[in-house]
Amino acid sequence: VKARDGQKVGTVKNLLVDRQAMRVRLLEVELDKKFARAGARTDADRLVHVPVASARLDDDRDDVFVDLDAAALGGLGAACREPAERAPR
């Protein structure tokens with residue numbers, strides 16, 4: 001995942017799906033350590049949910065760009081720990 005400025009900030013780990021609408025709604029992103037919120041100690045603490053509406057895919061480079069800067073991504077709340085519908089792998 002790359003921020004608005006092109007800086008690599010993390011990796012998409014899962015897609016969260018709205019099964020009724022049959023649409024991907026959120027990207028579950030594991031932020032690189034330097035972009036994670038303060039106090040993040042484990043990989044799970046670095047997970048954030050990014051609305052798919054703020055993302056675009058660059059097929060040629062296999063990148064996901066989000067319309068947020070790196071600081072905003074680090075400021076997102078941690079991904080909830082409740083079970084969620086994830087897209088099948």
# chains A, B, ... in the order shown; residues from 1 in each chain; ligands from 1
>>> select_by_dssp(residues="segment 12-70 of chain A", states="strand (DSSP E)", output="JSON, numbers by chain")
{"A": [12, 13, 14, 15, 16, 17, 18, 23, 24, 25, 26, 27, 28, 29, 30, 31, 47, 48, 49, 50, 51, 55, 56, 57, 58, 63, 64, 65, 66]}
>>> write_last_selection(atoms="N, CA, C and O atoms", output="compact mmCIF listing (two decimals), in the first residue's frame")
# COMPACT_ATOMS: atom_id res chain seq x y z
N VAL A 12 -1.66 -4.91 2.16
CA VAL A 12 -3.04 -5.38 2.32
C VAL A 12 -2.99 -6.82 2.81
O VAL A 12 -2.35 -7.67 2.20
N LYS A 13 -3.66 -7.07 3.93
CA LYS A 13 -3.71 -8.42 4.51
C LYS A 13 -5.03 -9.11 4.22
O LYS A 13 -5.07 -10.33 4.07
N ASN A 14 -6.12 -8.35 4.17
CA ASN A 14 -7.45 -8.92 3.93
C ASN A 14 -8.35 -7.89 3.28
O ASN A 14 -8.09 -6.69 3.36
N LEU A 15 -9.41 -8.40 2.68
CA LEU A 15 -10.48 -7.57 2.16
C LEU A 15 -11.71 -7.87 3.01
O LEU A 15 -12.03 -9.04 3.24
N LEU A 16 -12.40 -6.84 3.47
CA LEU A 16 -13.62 -7.03 4.26
C LEU A 16 -14.81 -6.74 3.36
O LEU A 16 -14.87 -5.69 2.72
N VAL A 17 -15.73 -7.69 3.33
CA VAL A 17 -16.79 -7.71 2.34
C VAL A 17 -18.15 -7.46 2.99
O VAL A 17 -18.46 -8.03 4.03
N ASP A 18 -18.96 -6.65 2.34
CA ASP A 18 -20.37 -6.51 2.68
C ASP A 18 -21.10 -7.55 1.83
O ASP A 18 -21.25 -7.39 0.63
N ARG A 23 -19.97 -6.43 -2.11
CA ARG A 23 -18.91 -5.46 -2.41
C ARG A 23 -17.85 -5.49 -1.33
O ARG A 23 -18.13 -5.67 -0.16
N VAL A 24 -16.62 -5.26 -1.76
CA VAL A 24 -15.53 -5.05 -0.81
C VAL A 24 -15.70 -3.63 -0.26
O VAL A 24 -15.85 -2.68 -1.02
N ARG A 25 -15.71 -3.51 1.07
CA ARG A 25 -15.89 -2.20 1.71
C ARG A 25 -14.61 -1.66 2.34
O ARG A 25 -14.39 -0.45 2.34
N LEU A 26 -13.79 -2.56 2.89
CA LEU A 26 -12.60 -2.13 3.61
C LEU A 26 -11.40 -2.97 3.23
O LEU A 26 -11.52 -4.17 2.97
N LEU A 27 -10.24 -2.33 3.22
CA LEU A 27 -8.97 -3.02 3.10
C LEU A 27 -8.39 -3.13 4.50
O LEU A 27 -8.34 -2.13 5.23
N GLU A 28 -7.99 -4.32 4.89
CA GLU A 28 -7.30 -4.47 6.17
C GLU A 28 -5.81 -4.38 5.85
O GLU A 28 -5.26 -5.23 5.15
N VAL A 29 -5.18 -3.33 6.34
CA VAL A 29 -3.80 -3.02 6.00
C VAL A 29 -2.92 -3.16 7.23
O VAL A 29 -3.24 -2.63 8.29
N GLU A 30 -1.81 -3.90 7.07
CA GLU A 30 -0.80 -3.96 8.12
C GLU A 30 0.23 -2.89 7.80
O GLU A 30 0.93 -2.97 6.80
N LEU A 31 0.27 -1.86 8.65
CA LEU A 31 1.20 -0.76 8.43
C LEU A 31 2.62 -1.18 8.76
O LEU A 31 2.86 -1.96 9.68
N LEU A 47 -2.62 -3.27 12.38
CA LEU A 47 -3.69 -3.41 11.40
C LEU A 47 -4.65 -2.24 11.49
O LEU A 47 -5.10 -1.86 12.57
N VAL A 48 -4.98 -1.68 10.33
CA VAL A 48 -5.99 -0.61 10.24
C VAL A 48 -6.94 -0.96 9.11
O VAL A 48 -6.59 -1.70 8.19
N HIS A 49 -8.16 -0.43 9.20
CA HIS A 49 -9.14 -0.61 8.13
C HIS A 49 -9.21 0.67 7.31
O HIS A 49 -9.43 1.75 7.85
N VAL A 50 -9.01 0.52 6.01
CA VAL A 50 -9.03 1.65 5.08
C VAL A 50 -10.21 1.47 4.14
O VAL A 50 -10.35 0.42 3.51
N PRO A 51 -11.09 2.47 4.04
CA PRO A 51 -12.23 2.36 3.12
C PRO A 51 -11.74 2.14 1.69
O PRO A 51 -10.84 2.83 1.21
N ALA A 55 -9.17 4.08 -2.11
CA ALA A 55 -8.05 3.34 -2.71
C ALA A 55 -8.22 3.19 -4.21
O ALA A 55 -9.34 3.18 -4.73
N ARG A 56 -7.09 3.06 -4.88
CA ARG A 56 -7.12 2.71 -6.31
C ARG A 56 -5.98 1.74 -6.58
O ARG A 56 -4.93 1.78 -5.93
N LEU A 57 -6.20 0.88 -7.54
CA LEU A 57 -5.24 -0.16 -7.87
C LEU A 57 -4.44 0.23 -9.10
O LEU A 57 -5.00 0.68 -10.10
N ASP A 58 -3.12 0.09 -9.01
CA ASP A 58 -2.24 0.26 -10.16
C ASP A 58 -1.86 -1.14 -10.63
O ASP A 58 -0.96 -1.77 -10.08
N ASP A 63 0.32 -2.25 -7.23
CA ASP A 63 0.30 -1.40 -6.04
C ASP A 63 -1.13 -0.96 -5.74
O ASP A 63 -1.96 -0.86 -6.64
N VAL A 64 -1.39 -0.69 -4.47
CA VAL A 64 -2.63 -0.06 -4.04
C VAL A 64 -2.26 1.31 -3.51
O VAL A 64 -1.41 1.44 -2.63
N PHE A 65 -2.88 2.33 -4.07
CA PHE A 65 -2.66 3.70 -3.61
C PHE A 65 -3.87 4.15 -2.82
O PHE A 65 -5.01 3.89 -3.23
N VAL A 66 -3.65 4.79 -1.69
CA VAL A 66 -4.75 5.33 -0.90
C VAL A 66 -4.65 6.85 -0.90
O VAL A 66 -3.57 7.41 -0.93
>>> select_by_dssp(residues="chain A", states="alpha helix (DSSP H)", output="list of chain:residue names")
A:Ala70, A:Ala71, A:Ala72, A:Leu73, A:Gly74, A:Gly75
>>> atom_distance(atom1="atom CA of Val52 of chain A", atom2="atom CA of Lys33 of chain A")
22.0 Å
>>> atom_distance(atom1="atom CA of Ala3 of chain A", atom2="atom CA of Asp67 of chain A")
6.7 Å
>>> decode(residues="chain A", atoms="C-alpha atoms", output="PDB file, in the first residue's frame")
ATOM      1  CA  VAL A   1       0.000   0.000   0.000  1.00  0.00           C
ATOM      2  CA  LYS A   2       1.309   3.420  -0.919  1.00  0.00           C
ATOM      3  CA  ALA A   3       0.254   6.742   0.548  1.00  0.00           C
ATOM      4  CA  ARG A   4      -0.779   9.759  -1.489  1.00  0.00           C
ATOM      5  CA  ASP A   5       2.872  10.831  -1.823  1.00  0.00           C
ATOM      6  CA  GLY A   6       3.897   7.402  -3.207  1.00  0.00           C
ATOM      7  CA  GLN A   7       5.585   6.294   0.012  1.00  0.00           C
ATOM      8  CA  LYS A   8       5.127   2.577   0.812  1.00  0.00           C
ATOM      9  CA  VAL A   9       3.300   2.383   4.135  1.00  0.00           C
ATOM     10  CA  GLY A  10       2.095  -1.199   4.452  1.00  0.00           C
ATOM     11  CA  THR A  11       0.554  -4.329   2.969  1.00  0.00           C
ATOM     12  CA  VAL A  12      -3.041  -5.375   2.322  1.00  0.00           C
ATOM     13  CA  LYS A  13      -3.707  -8.417   4.507  1.00  0.00           C
ATOM     14  CA  ASN A  14      -7.448  -8.917   3.931  1.00  0.00           C
ATOM     15  CA  LEU A  15     -10.482  -7.565   2.164  1.00  0.00           C
ATOM     16  CA  LEU A  16     -13.619  -7.032   4.258  1.00  0.00           C
ATOM     17  CA  VAL A  17     -16.792  -7.706   2.340  1.00  0.00           C
ATOM     18  CA  ASP A  18     -20.374  -6.511   2.678  1.00  0.00           C
ATOM     19  CA  ARG A  19     -22.055  -9.765   1.720  1.00  0.00           C
ATOM     20  CA  GLN A  20     -25.498  -8.226   1.222  1.00  0.00           C
ATOM     21  CA  ALA A  21     -24.192  -5.678  -1.251  1.00  0.00           C
ATOM     22  CA  MET A  22     -21.602  -8.154  -2.617  1.00  0.00           C
ATOM     23  CA  ARG A  23     -18.914  -5.459  -2.409  1.00  0.00           C
ATOM     24  CA  VAL A  24     -15.532  -5.046  -0.812  1.00  0.00           C
ATOM     25  CA  ARG A  25     -15.889  -2.204   1.707  1.00  0.00           C
ATOM     26  CA  LEU A  26     -12.599  -2.125   3.614  1.00  0.00           C
ATOM     27  CA  LEU A  27      -8.967  -3.021   3.100  1.00  0.00           C
ATOM     28  CA  GLU A  28      -7.301  -4.473   6.167  1.00  0.00           C
ATOM     29  CA  VAL A  29      -3.796  -3.018   5.996  1.00  0.00           C
ATOM     30  CA  GLU A  30      -0.805  -3.961   8.121  1.00  0.00           C
ATOM     31  CA  LEU A  31       1.199  -0.758   8.429  1.00  0.00           C
ATOM     32  CA  ASP A  32       4.978  -0.841   8.340  1.00  0.00           C
ATOM     33  CA  LYS A  33       6.380  -0.299  11.836  1.00  0.00           C
ATOM     34  CA  LYS A  34       7.485   3.280  11.233  1.00  0.00           C
ATOM     35  CA  PHE A  35       3.933   4.309  10.244  1.00  0.00           C
ATOM     36  CA  ALA A  36       2.045   2.460  12.975  1.00  0.00           C
ATOM     37  CA  ARG A  37       0.391   4.400  15.762  1.00  0.00           C
ATOM     38  CA  ALA A  38       2.327   4.961  18.960  1.00  0.00           C
ATOM     39  CA  GLY A  39       2.128   1.989  21.294  1.00  0.00           C
ATOM     40  CA  ALA A  40       1.692  -0.609  18.538  1.00  0.00           C
ATOM     41  CA  ARG A  41       3.641  -3.618  19.775  1.00  0.00           C
ATOM     42  CA  THR A  42       2.420  -6.567  17.710  1.00  0.00           C
ATOM     43  CA  ASP A  43       1.576  -7.136  14.054  1.00  0.00           C
ATOM     44  CA  ALA A  44      -2.113  -7.111  15.031  1.00  0.00           C
ATOM     45  CA  ASP A  45      -1.656  -3.663  16.602  1.00  0.00           C
ATOM     46  CA  ARG A  46      -0.497  -2.370  13.217  1.00  0.00           C
ATOM     47  CA  LEU A  47      -3.693  -3.413  11.402  1.00  0.00           C
ATOM     48  CA  VAL A  48      -5.986  -0.615  10.243  1.00  0.00           C
ATOM     49  CA  HIS A  49      -9.144  -0.607   8.135  1.00  0.00           C
ATOM     50  CA  VAL A  50      -9.025   1.646   5.082  1.00  0.00           C
ATOM     51  CA  PRO A  51     -12.225   2.357   3.120  1.00  0.00           C
ATOM     52  CA  VAL A  52     -11.935   0.872  -0.349  1.00  0.00           C
ATOM     53  CA  ALA A  53     -13.446   4.091  -1.715  1.00  0.00           C
ATOM     54  CA  SER A  54     -10.195   5.878  -0.820  1.00  0.00           C
ATOM     55  CA  ALA A  55      -8.047   3.344  -2.706  1.00  0.00           C
ATOM     56  CA  ARG A  56      -7.115   2.714  -6.305  1.00  0.00           C
ATOM     57  CA  LEU A  57      -5.238  -0.161  -7.867  1.00  0.00           C
ATOM     58  CA  ASP A  58      -2.239   0.262 -10.157  1.00  0.00           C
ATOM     59  CA  ASP A  59      -2.384  -3.011 -12.094  1.00  0.00           C
ATOM     60  CA  ASP A  60       0.875  -2.367 -13.941  1.00  0.00           C
ATOM     61  CA  ARG A  61       2.890  -2.101 -10.734  1.00  0.00           C
ATOM     62  CA  ASP A  62       0.657  -4.269  -8.529  1.00  0.00           C
ATOM     63  CA  ASP A  63       0.299  -1.400  -6.041  1.00  0.00           C
ATOM     64  CA  VAL A  64      -2.627  -0.063  -4.037  1.00  0.00           C
ATOM     65  CA  PHE A  65      -2.662   3.700  -3.610  1.00  0.00           C
ATOM     66  CA  VAL A  66      -4.747   5.335  -0.900  1.00  0.00           C
ATOM     67  CA  ASP A  67      -5.870   8.941  -0.953  1.00  0.00           C
ATOM     68  CA  LEU A  68      -4.381   9.574   2.497  1.00  0.00           C
ATOM     69  CA  ASP A  69      -0.952  10.672   3.620  1.00  0.00           C
ATOM     70  CA  ALA A  70       1.245   8.428   5.760  1.00  0.00           C
ATOM     71  CA  ALA A  71       0.475  10.332   8.974  1.00  0.00           C
ATOM     72  CA  ALA A  72      -3.277   9.971   8.413  1.00  0.00           C
ATOM     73  CA  LEU A  73      -2.926   6.220   7.921  1.00  0.00           C
ATOM     74  CA  GLY A  74      -1.000   5.890  11.169  1.00  0.00           C
ATOM     75  CA  GLY A  75      -3.723   7.890  12.879  1.00  0.00           C
ATOM     76  CA  LEU A  76      -6.507   5.544  11.833  1.00  0.00           C
ATOM     77  CA  GLY A  77      -8.004   3.512  14.611  1.00  0.00           C
ATOM     78  CA  ALA A  78      -6.806  -0.046  14.973  1.00  0.00           C
ATOM     79  CA  ALA A  79      -8.768  -2.693  13.122  1.00  0.00           C
ATOM     80  CA  CYS A  80     -11.453  -4.150  15.335  1.00  0.00           C
ATOM     81  CA  ARG A  81     -10.777  -7.589  16.708  1.00  0.00           C
ATOM     82  CA  GLU A  82     -14.342  -8.807  16.112  1.00  0.00           C
ATOM     83  CA  PRO A  83     -14.832 -11.514  13.475  1.00  0.00           C
ATOM     84  CA  ALA A  84     -15.527 -10.029  10.065  1.00  0.00           C
ATOM     85  CA  GLU A  85     -16.414 -11.413   6.678  1.00  0.00           C
ATOM     86  CA  ARG A  86     -13.238 -11.639   4.694  1.00  0.00           C
ATOM     87  CA  ALA A  87     -12.998 -12.394   1.027  1.00  0.00           C
ATOM     88  CA  PRO A  88     -12.059 -16.029   0.409  1.00  0.00           C
ATOM     89  CA  ARG A  89      -8.443 -16.577  -0.570  1.00  0.00           C
TER      90      ARG A  89
END
